[in-house]
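This is my_file_0.tsv (TSV, C-alpha atoms).
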chain	number	residue	atom	x	y	z
A	1	MET	CA	60.99	-137.77	80.55
A	2	ARG	CA	59.35	-140.93	79.35
A	3	TYR	CA	60.20	-142.17	75.90
A	4	ARG	CA	57.72	-143.97	73.76
A	5	LYS	CA	58.53	-147.53	72.99
A	6	THR	CA	59.25	-148.26	69.32
A	7	LYS	CA	56.23	-149.43	67.47
A	8	PHE	CA	57.96	-152.13	65.41
A	9	SER	CA	59.92	-155.05	66.66
A	10	ILE	CA	63.09	-156.12	64.81
A	11	ASN	CA	61.24	-158.96	63.11
A	12	GLN	CA	58.53	-156.61	61.88
A	13	MET	CA	61.18	-154.18	60.61
A	14	ARG	CA	62.89	-157.03	58.82
A	15	LYS	CA	59.60	-157.93	57.14
A	16	VAL	CA	59.07	-154.32	56.08
A	17	VAL	CA	62.59	-154.12	54.61
A	18	ILE	CA	62.17	-157.43	52.75
A	19	SER	CA	58.78	-156.29	51.41
A	20	CYS	CA	60.27	-153.01	50.21
A	21	LEU	CA	63.12	-154.85	48.50
A	22	LEU	CA	60.68	-157.22	46.83
A	23	LEU	CA	58.58	-154.27	45.69
A	24	CYS	CA	61.68	-152.64	44.21
A	25	VAL	CA	62.60	-155.85	42.36
A	26	ILE	CA	59.04	-156.15	41.00
A	27	LEU	CA	59.08	-152.50	39.90
A	28	PHE	CA	62.47	-152.92	38.26
A	29	LEU	CA	61.36	-156.06	36.41
A	30	SER	CA	58.10	-154.40	35.32
A	31	LEU	CA	60.02	-151.42	33.98
A	32	TYR	CA	62.52	-153.69	32.28
A	33	TYR	CA	59.80	-155.66	30.51
A	34	ALA	CA	57.78	-152.53	29.73
A	35	MET	CA	60.82	-151.09	27.98
A	36	SER	CA	61.75	-154.26	26.14
A	37	PHE	CA	60.81	-154.68	22.51
A	38	ASP	CA	59.44	-157.56	20.57
A	39	LEU	CA	62.18	-158.71	18.29
A	40	PRO	CA	62.75	-158.93	15.42
A	41	LYS	CA	61.12	-155.67	14.40
A	42	TRP	CA	59.94	-155.54	10.80
A	43	PHE	CA	59.00	-152.42	8.88
A	44	PRO	CA	57.36	-153.33	5.54
A	45	PHE	CA	55.86	-149.82	5.06
A	46	ASN	CA	52.67	-151.29	3.63
A	47	LYS	CA	50.20	-149.31	5.70
A	48	GLU	CA	49.20	-145.65	5.57
A	49	ASN	CA	50.10	-145.15	9.22
A	50	ALA	CA	53.44	-146.95	8.98
A	51	LEU	CA	55.31	-143.80	9.97
A	52	ASP	CA	53.35	-143.28	13.18
A	53	GLU	CA	55.94	-145.10	15.23
A	54	TRP	CA	58.82	-143.19	13.62
A	55	LYS	CA	59.76	-139.67	14.64
A	56	GLU	CA	61.06	-137.12	12.20
A	57	LYS	CA	64.12	-135.24	13.44
A	58	VAL	CA	65.03	-132.14	11.49
A	59	PHE	CA	68.62	-131.00	11.17
A	60	LYS	CA	68.50	-128.49	8.29
A	61	GLY	CA	65.21	-128.32	6.45
A	62	LYS	CA	62.67	-131.09	6.02
A	63	VAL	CA	63.09	-134.03	3.71
A	64	LEU	CA	59.83	-135.27	2.25
A	65	TYR	CA	59.25	-138.74	3.67
A	66	ALA	CA	56.11	-140.52	2.50
A	67	VAL	CA	54.82	-144.08	2.65
A	68	GLU	CA	53.57	-145.71	-0.51
A	69	PRO	CA	51.43	-148.46	1.00
A	70	LEU	CA	51.11	-150.94	-1.81
A	71	GLN	CA	49.54	-154.27	-0.92
A	72	GLU	CA	52.78	-155.98	-1.73
A	73	GLY	CA	56.03	-154.14	-1.78
A	74	GLY	CA	55.05	-151.01	0.05
A	75	TYR	CA	57.93	-148.62	0.60
A	76	LEU	CA	59.05	-145.37	2.13
A	77	SER	CA	60.10	-142.67	-0.26
A	78	ALA	CA	62.50	-139.88	0.67
A	79	LYS	CA	62.97	-136.75	-1.42
A	80	SER	CA	65.49	-134.19	-0.28
A	81	GLN	CA	65.97	-130.74	-1.68
A	82	SER	CA	68.89	-129.01	0.06
A	83	ALA	CA	67.53	-130.45	3.29
A	84	CYS	CA	68.54	-132.81	6.04
A	85	SER	CA	66.10	-134.59	8.29
A	86	GLY	CA	65.80	-138.18	9.35
A	87	LEU	CA	63.31	-140.67	10.65
A	88	VAL	CA	64.16	-142.20	14.01
A	89	TYR	CA	62.70	-145.32	15.58
A	90	ARG	CA	63.58	-145.79	19.23
A	91	MET	CA	64.07	-149.33	20.46
A	92	LYS	CA	66.28	-151.20	22.85
A	93	PHE	CA	68.09	-154.48	22.34
A	94	HIS	CA	71.54	-155.91	22.68
A	95	PRO	CA	73.16	-156.71	19.34
A	96	LYS	CA	75.28	-159.46	20.85
A	97	LYS	CA	72.09	-161.50	21.17
A	98	TYR	CA	70.26	-160.16	18.12
A	99	PRO	CA	72.98	-158.88	15.82
A	100	MET	CA	71.33	-158.70	12.41
A	101	ILE	CA	69.75	-155.89	10.46
A	102	SER	CA	68.52	-156.06	6.87
A	103	TRP	CA	66.76	-153.74	4.51
A	104	LYS	CA	66.07	-152.98	0.89
A	105	TRP	CA	66.78	-149.65	-0.70
A	106	LYS	CA	66.62	-148.04	-4.07
A	107	VAL	CA	68.39	-144.84	-5.08
A	108	ILE	CA	66.63	-142.81	-7.75
A	109	LYS	CA	68.87	-139.78	-7.64
A	110	PHE	CA	72.20	-139.17	-5.96
A	111	PRO	CA	73.17	-135.78	-4.49
A	112	GLU	CA	75.32	-133.76	-6.89
A	113	LYS	CA	78.78	-133.74	-5.41
A	114	THR	CA	81.28	-131.52	-7.19
A	115	GLN	CA	84.69	-132.94	-7.96
A	116	ASP	CA	86.30	-129.68	-6.84
A	117	LYS	CA	88.34	-129.43	-3.71
A	118	PRO	CA	86.01	-128.66	-0.82
A	119	LYS	CA	85.87	-124.94	-0.12
A	120	LYS	CA	85.78	-125.20	3.63
A	121	GLY	CA	88.85	-127.43	3.76
A	122	GLY	CA	87.11	-130.61	4.88
A	123	TRP	CA	84.84	-133.15	3.28
A	124	LEU	CA	81.89	-131.85	5.25
A	125	GLU	CA	80.59	-130.42	1.99
A	126	LYS	CA	80.48	-133.93	0.58
A	127	ASP	CA	78.73	-135.46	3.59
A	128	ASP	CA	75.48	-135.99	1.73
A	129	TYR	CA	74.23	-139.42	0.81
A	130	ALA	CA	71.22	-140.55	-1.16
A	131	ALA	CA	70.45	-143.20	1.43
A	132	ARG	CA	71.73	-144.14	4.81
A	133	VAL	CA	70.60	-146.34	7.66
A	134	TYR	CA	71.71	-145.49	11.18
A	135	VAL	CA	72.18	-147.78	14.13
A	136	ILE	CA	72.56	-145.66	17.25
A	137	PHE	CA	74.21	-146.85	20.47
A	138	PRO	CA	73.27	-144.39	23.19
A	139	SER	CA	75.27	-143.67	26.29
A	140	TRP	CA	74.44	-142.07	29.62
A	141	ILE	CA	77.04	-139.45	28.73
A	142	PHE	CA	75.63	-138.19	25.46
A	143	THR	CA	79.04	-137.31	24.02
A	144	SER	CA	79.89	-141.01	24.21
A	145	THR	CA	76.90	-141.99	22.06
A	146	ARG	CA	78.17	-144.00	19.11
A	147	CYS	CA	76.64	-144.58	15.76
A	148	ILE	CA	77.16	-146.74	12.69
A	149	GLU	CA	75.79	-145.44	9.40
A	150	TYR	CA	75.30	-147.81	6.50
A	151	VAL	CA	75.63	-145.70	3.39
A	152	TRP	CA	75.06	-145.98	-0.34
A	153	ASP	CA	77.55	-143.74	-2.08
A	154	GLU	CA	78.16	-143.39	-5.78
A	155	GLU	CA	81.96	-142.97	-5.60
A	156	ILE	CA	83.52	-144.42	-2.49
A	157	PRO	CA	84.24	-148.19	-2.74
A	158	ALA	CA	82.07	-150.64	-0.83
A	159	GLU	CA	83.17	-151.72	2.66
A	160	THR	CA	85.10	-148.47	3.14
A	161	ILE	CA	84.92	-147.33	6.74
A	162	MET	CA	84.97	-143.59	7.35
A	163	THR	CA	84.63	-141.28	10.30
A	164	SER	CA	82.01	-138.56	10.13
A	165	PRO	CA	83.35	-135.02	9.77
A	166	TYR	CA	80.99	-134.05	12.57
A	167	LEU	CA	82.10	-136.46	15.28
A	168	GLY	CA	84.59	-139.25	15.78
A	169	ASN	CA	81.95	-141.47	17.33
A	170	ILE	CA	79.99	-141.60	14.08
A	171	LYS	CA	81.36	-144.20	11.71
A	172	LEU	CA	80.19	-144.66	8.15
A	173	ILE	CA	80.35	-147.98	6.36
A	174	ILE	CA	79.82	-147.87	2.63
A	175	VAL	CA	77.68	-150.92	1.96
A	176	GLU	CA	76.67	-150.09	-1.59
A	177	SER	CA	78.74	-148.22	-4.09
A	178	GLY	CA	78.36	-146.88	-7.59
A	179	ARG	CA	75.60	-146.06	-10.00
A	180	GLU	CA	75.19	-149.53	-11.52
A	181	ASN	CA	72.20	-150.38	-9.36
A	182	ILE	CA	70.55	-146.98	-9.55
A	183	GLY	CA	66.79	-147.38	-9.87
A	184	GLN	CA	66.87	-150.99	-8.67
A	185	TRP	CA	65.95	-152.50	-5.33
A	186	VAL	CA	69.08	-153.69	-3.55
A	187	SER	CA	68.98	-155.88	-0.44
A	188	GLU	CA	71.45	-155.46	2.40
A	189	GLU	CA	72.10	-157.50	5.50
A	190	ARG	CA	74.60	-156.55	8.17
A	191	ASN	CA	75.80	-157.94	11.47
A	192	ILE	CA	75.63	-154.93	13.75
A	193	TYR	CA	77.71	-156.52	16.51
A	194	GLU	CA	80.55	-157.48	14.19
A	195	ASP	CA	80.45	-154.13	12.38
A	196	TYR	CA	80.66	-152.30	15.70
A	197	LYS	CA	83.69	-154.35	16.71
A	198	LYS	CA	85.26	-153.65	13.33
A	199	VAL	CA	84.77	-149.89	13.39
A	200	PHE	CA	85.17	-149.12	17.09
A	201	GLY	CA	87.50	-151.96	18.06
A	202	ARG	CA	85.42	-153.13	21.02
A	203	SER	CA	82.14	-154.76	21.91
A	204	SER	CA	79.03	-152.70	21.61
A	205	GLY	CA	76.50	-151.61	24.18
A	206	TYR	CA	72.80	-151.83	23.49
A	207	VAL	CA	71.12	-150.37	20.42
A	208	GLY	CA	68.91	-147.41	21.33
A	209	ALA	CA	67.51	-146.45	17.96
A	210	ILE	CA	67.66	-146.95	14.23
A	211	ALA	CA	67.20	-144.15	11.74
A	212	LEU	CA	66.92	-143.46	8.03
A	213	MET	CA	68.13	-140.42	6.19
A	214	THR	CA	68.43	-138.97	2.73
A	215	ASP	CA	70.17	-135.62	2.85
A	216	THR	CA	71.46	-132.92	0.54
A	217	ASP	CA	72.03	-130.00	2.91
A	218	ASN	CA	75.76	-129.74	2.24
A	219	THR	CA	75.73	-130.11	-1.52
A	220	LEU	CA	72.54	-128.02	-1.81
A	221	SER	CA	71.27	-130.41	-4.45
A	222	THR	CA	68.45	-132.95	-4.69
A	223	ALA	CA	68.35	-136.64	-3.94
A	224	GLU	CA	65.73	-139.35	-3.89
A	225	ALA	CA	65.71	-142.82	-2.40
A	226	LEU	CA	63.25	-145.52	-1.37
A	227	TYR	CA	63.46	-147.83	1.63
A	228	THR	CA	61.54	-150.95	2.54
A	229	ASP	CA	61.55	-154.27	4.31
A	230	ILE	CA	63.65	-153.14	7.24
A	231	LYS	CA	64.13	-155.97	9.67
A	232	VAL	CA	66.13	-155.45	12.82
A	233	GLY	CA	67.14	-157.48	15.84
A	234	TYR	CA	67.29	-161.08	14.68
A	235	LYS	CA	69.78	-163.87	14.97
A	236	ASN	CA	72.15	-164.87	12.23
A	237	GLU	CA	71.01	-168.25	10.96
B	1	MET	CA	103.87	-107.48	65.56
B	2	ASN	CA	105.33	-110.93	65.59
B	3	SER	CA	101.98	-112.43	66.51
B	4	VAL	CA	100.30	-110.47	63.71
B	5	GLN	CA	102.81	-111.74	61.14
B	6	ASN	CA	102.49	-115.25	62.51
B	7	ARG	CA	98.70	-115.01	62.34
B	8	ARG	CA	98.73	-113.94	58.70
B	9	ARG	CA	101.14	-116.63	57.63
B	10	ARG	CA	98.99	-119.49	58.91
B	11	MET	CA	96.16	-120.70	56.74
B	12	PHE	CA	94.29	-122.21	59.70
B	13	ALA	CA	94.19	-120.75	63.18
B	14	ASN	CA	93.72	-124.13	64.81
B	15	LYS	CA	92.25	-127.58	64.32
B	16	LEU	CA	88.69	-126.34	64.80
B	17	HIS	CA	89.29	-123.69	62.13
B	18	LYS	CA	90.62	-126.32	59.76
B	19	GLN	CA	87.61	-128.58	60.39
B	20	THR	CA	85.15	-125.70	59.95
B	21	LEU	CA	86.74	-124.62	56.69
B	22	SER	CA	86.90	-128.17	55.39
B	23	LEU	CA	83.21	-128.54	56.14
B	24	VAL	CA	82.37	-125.25	54.40
B	25	PHE	CA	84.53	-126.27	51.44
B	26	CYS	CA	82.74	-129.62	51.13
B	27	VAL	CA	79.32	-128.03	51.61
B	28	ALA	CA	80.10	-125.55	48.83
B	29	LEU	CA	81.73	-127.92	46.40
B	30	ILE	CA	79.88	-131.25	46.62
B	31	PRO	CA	76.30	-129.96	46.05
B	32	THR	CA	77.60	-127.67	43.30
B	33	LEU	CA	79.23	-130.58	41.50
B	34	ILE	CA	76.14	-132.77	41.92
B	35	CYS	CA	73.87	-129.99	40.64
B	36	THR	CA	76.23	-129.30	37.73
B	37	VAL	CA	76.27	-132.94	36.65
B	38	CYS	CA	72.47	-133.21	37.00
B	39	LEU	CA	71.81	-130.00	35.08
B	40	PHE	CA	74.36	-130.97	32.46
B	41	TYR	CA	72.58	-134.28	31.98
B	42	LEU	CA	69.14	-132.69	32.12
B	43	ILE	CA	69.87	-129.93	29.61
B	44	PHE	CA	72.31	-131.49	27.19
B	45	GLY	CA	71.46	-135.17	27.59
B	46	ILE	CA	67.74	-134.66	27.11
B	47	THR	CA	68.32	-132.19	24.28
B	48	ALA	CA	70.59	-134.67	22.54
B	49	MET	CA	68.01	-137.41	23.01
B	50	GLN	CA	65.33	-135.19	21.52
B	51	ILE	CA	67.47	-134.13	18.57
B	52	GLY	CA	68.09	-137.77	17.74
B	53	ILE	CA	70.25	-137.45	14.62
B	54	PRO	CA	73.90	-137.91	15.69
B	55	GLU	CA	75.23	-135.31	13.23
B	56	ALA	CA	72.73	-132.76	14.51
B	57	ILE	CA	73.80	-133.51	18.09
B	58	ALA	CA	77.45	-133.13	17.12
B	59	TYR	CA	76.73	-129.89	15.27
B	60	ASN	CA	74.40	-128.22	17.78
B	61	VAL	CA	74.68	-129.72	21.25
B	62	ILE	CA	78.33	-130.74	21.63
B	63	PRO	CA	79.82	-127.26	20.90
B	64	ALA	CA	77.39	-125.71	23.40
B	65	ALA	CA	78.23	-128.38	25.98
B	66	ARG	CA	81.95	-127.77	25.42
B	67	GLN	CA	81.53	-124.03	25.97
B	68	VAL	CA	79.55	-124.61	29.14
B	69	THR	CA	82.20	-127.08	30.35
B	70	VAL	CA	84.97	-124.52	29.77
B	71	ILE	CA	82.97	-121.87	31.65
B	72	ILE	CA	82.36	-124.28	34.54
B	73	LEU	CA	86.01	-125.35	34.64
B	74	ILE	CA	87.15	-121.73	34.80
B	75	ALA	CA	84.41	-120.27	36.98
B	76	LEU	CA	84.02	-123.05	39.54
B	77	PRO	CA	87.60	-122.99	40.91
B	78	ILE	CA	87.50	-119.17	41.03
B	79	ALA	CA	84.13	-119.16	42.81
B	80	VAL	CA	85.19	-121.86	45.27
B	81	THR	CA	88.49	-120.06	45.99
B	82	VAL	CA	86.71	-116.74	46.59
B	83	ILE	CA	84.13	-118.43	48.85
B	84	PHE	CA	86.91	-120.30	50.66
B	85	PHE	CA	88.93	-117.18	51.47
B	86	PHE	CA	85.81	-115.19	52.36
B	87	VAL	CA	84.66	-117.93	54.75
B	88	ARG	CA	88.21	-118.29	56.08
B	89	LYS	CA	88.28	-114.60	56.96
B	90	ILE	CA	84.91	-114.78	58.75
B	91	THR	CA	85.59	-118.04	60.58
B	92	HIS	CA	89.03	-116.77	61.59
B	93	THR	CA	87.39	-114.08	63.71
B	94	ILE	CA	85.23	-116.72	65.38
B	95	VAL	CA	87.57	-119.67	65.79
B	96	GLY	CA	90.87	-117.78	66.02
B	97	PRO	CA	90.33	-116.06	69.39
B	98	PHE	CA	89.00	-119.22	70.98
B	99	ASP	CA	92.44	-120.67	71.75
B	100	ARG	CA	93.74	-117.31	72.90
B	101	ILE	CA	90.81	-116.80	75.32
B	102	VAL	CA	91.25	-120.31	76.75
B	103	ARG	CA	95.00	-119.72	77.15
B	104	GLU	CA	94.53	-116.36	78.83
B	105	LEU	CA	91.82	-117.76	81.12
B	106	ASP	CA	94.20	-120.62	82.08
B	107	GLU	CA	96.88	-118.06	82.89
B	108	ILE	CA	94.43	-116.08	85.05
B	109	ILE	CA	93.29	-119.26	86.86
B	110	GLN	CA	96.93	-120.23	87.51
B	111	GLY	CA	97.63	-116.69	88.76
B	112	THR	CA	100.40	-115.99	86.28
B	113	ARG	CA	98.47	-113.21	84.70
B	114	LYS	CA	96.26	-110.39	85.92
B	115	GLY	CA	93.95	-107.97	84.24
B	116	PRO	CA	91.35	-108.34	81.51
B	117	ILE	CA	91.39	-110.74	78.60
B	118	VAL	CA	92.42	-108.94	75.44
B	119	VAL	CA	90.60	-109.52	72.16
B	120	ARG	CA	90.71	-107.73	68.83
B	121	LYS	CA	88.01	-105.34	67.73
B	122	ASN	CA	86.57	-107.61	65.03
B	123	ASP	CA	86.60	-110.82	67.07
B	124	LYS	CA	83.15	-112.34	67.30
B	125	PHE	CA	83.80	-113.32	70.93
B	126	LEU	CA	84.10	-109.64	71.94
B	127	PRO	CA	80.68	-109.42	73.70
B	128	LEU	CA	81.42	-112.63	75.63
B	129	VAL	CA	84.93	-111.51	76.58
B	130	GLU	CA	83.64	-108.09	77.71
B	131	ARG	CA	81.27	-109.83	80.11
B	132	VAL	CA	83.97	-112.25	81.30
B	133	ASN	CA	86.21	-109.23	81.94
B	134	VAL	CA	83.45	-107.57	84.03
B	135	LEU	CA	83.11	-110.82	85.98
B	136	LEU	CA	86.88	-111.06	86.48
B	137	GLU	CA	86.98	-107.46	87.68
B	138	ARG	CA	84.19	-108.15	90.18
B	139	LEU	CA	85.93	-111.31	91.41
B	140	SER	CA	89.22	-109.45	91.86
B	141	LYS	CA	87.42	-106.72	93.89
B	142	ASP	CA	85.80	-109.33	96.14
Here is a file; write its structure as structure tokens.
Amino acid sequence: MRYRKTKFSINQMRKVVISCLLLCVILFLSLYYAMSFDLPKWFPFNKENALDEWKEKVFKGKVLYAVEPLQEGGYLSAKSQSACSGLVYRMKFHPKKYPMISWKWKVIKFPEKTQDKPKKGGWLEKDDYAARVYVIFPSWIFTSTRCIEYVWDEEIPAETIMTSPYLGNIKLIIVESGRENIGQWVSEERNIYEDYKKVFGRSSGYVGAIALMTDTDNTLSTAEALYTDIKVGYKNE
Amino acid sequence: MNSVQNRRRRMFANKLHKQTLSLVFCVALIPTLICTVCLFYLIFGITAMQIGIPEAIAYNVIPAARQVTVIILIALPIAVTVIFFFVRKITHTIVGPFDRIVRELDEIIQGTRKGPIVVRKNDKFLPLVERVNVLLERLSKD
């Protein structure tokens, strides 16, 4: 039986392999740059379609999110009535390089939390906040996804760090406390990288999304807050 | 009787049996684990990504994922064990007699033994051995 001679010589095979590797590298780089985001990202909420790039995720009932696109000082208003849904903006950056996030918020009405002992034995019934800003750190294993929530609470002292009653990987940092500033715009600026190290005790991975939420699903009350001027992914200067 | 007891006590009839069973074990377990991980990621990972809000993921997806994990951890070892023993039983009837046939043929060649090769009813080599026995009978007549 006569065998056919191979079509390619070793040199030709080598060229094919090198070309394939180069193609893979080009594809990888293209994907990497296609998925990268222009930083810093700024959300002034001054256009009608400002929420187009945000996705609403409903947990229990829909919170009414609406943009008030004023020429100057546009904002996002959130009104919750026994509901819990959030707005998520997916992005990807490493907070070690771009650690800062800032925003302005105004609480008009806090959820009505009773002073009674929680009926279900935990503080899940009190896990409602007039305003919170999420920074989400995704993981390939979804149970390892971590999250920092910056919260405005009327009772708990500022800079308190808490763990969510839902999951240990969700940490809440009270950045604004009390009713003194109710009805007033308050500016916040946080170093995501440092906060992550503080609450989780190790360096963070990349940020996969930020989110906003005003919720009252546990207290079955109403709450209202405004958000604006969210700037994320910039260096501390 | 002794040989029967001895046969039952041994997990593997011979090296070939051990290799065959190891192969079957790997073929059963490795793709199952790969598929489980992929499906787990596909179903729960993508669902979690779509849900987006971490509390909602913790409330809805994680309990379901935990239940599925418990079911997998209980069911997979049982399924693999059942498959293993089922395959062991089948392969035993194929691989087990092989050594015995070779040994008996060696004895016949050396002249220390006469008569047909004996195999059990369920042995998969029975049709082959029956023909070898016919051949041996013819050779002894010649």
Handout entry: Residues of chain B within 7 Å of chain A, only C-alpha atoms counted, as a PyMOL selection string
Key = chain B and resi 45+48+51-53+55-56+58-59
Completion exercise
CA of Ile161 in chain A sits from CA of Asp229 in chain A at a separation of 24.5 Å
Exercise for the section: Using only C-alpha atoms, collect all residues at a distance of at most 10 Å from (58.5, -140.6, 0.4) as written in the file, then present them as a VMD selection string. Expected result: chain A and resid 63 to 68 75 to 80 224 to 227
Need the shell around Glu155 in chain A: protein/DNA/RNA residues with any atom at most 10 Å away, counting all atoms listed in the file. Skip same-chain ones fewer than 5 positions apart. Format as a PDB file with C-alpha atoms, in the frame of the given file?
ATOM      1  CA  LYS A 113      78.780-133.740  -5.410  1.00  0.00           C
ATOM      2  CA  ILE A 174      79.820-147.870   2.630  1.00  0.00           C
ATOM      3  CA  GLU A 176      76.670-150.090  -1.590  1.00  0.00           C
ATOM      4  CA  SER A 177      78.740-148.220  -4.090  1.00  0.00           C
ATOM      5  CA  GLY A 178      78.360-146.880  -7.590  1.00  0.00           C
ATOM      6  CA  ARG A 179      75.600-146.060 -10.000  1.00  0.00           C
TER       7      ARG A 179
END
Exercise for the section: Please provide the set of residues having any atom within 9 Å of range 123-129 of chain B, restricted to only C-alpha atoms, with same-chain residues fewer than 3 positions apart removed, written as a ChimeraX atom specification. Expected result: /B:92-98,101,116-120,132-134
Draw an axis-aligned box tight on the listed atoms of range 85-88 of chain B, then pad every side by 5 Å and write out centre and edge lengths in Å to one decimal as AutoDock Vina command-line options.
--center_x 86.8 --center_y -116.7 --center_z 53.8 --size_x 14.3 --size_y 13.1 --size_z 14.6
Practice task
Write out as a ChimeraX atom specification the residues lying within 10 Å of range 39-47 of chain A, counting all atoms listed in the file and excluding same-chain residues fewer than 2 positions away.
Solution key: /A:36-37,49-51,66-77,91-93,98,100-104,227-235
Practice task
Determine, counting all atoms listed in the file, which protein, DNA and RNA residues have an atom within 10 Å of an atom of range 67-74 of chain B; residues of the same chain fewer than 5 positions away are not included. Present the result as a PyMOL selection string.
Solution key: chain B and resi 33+36+40+62+79
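We find CA of Asp52 in chain A and CA of Asp217 in chain A to be spaced 25.1 Å apart.
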Practice task
One decimal, Å: what's the distance from CA of Lys198 in chain A over to CA of Ser144 in chain A, could you say?
Solution key: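 Taking CA of Lys198 in chain A and CA of Ser144 in chain A, their separation equals 17.5 Å.
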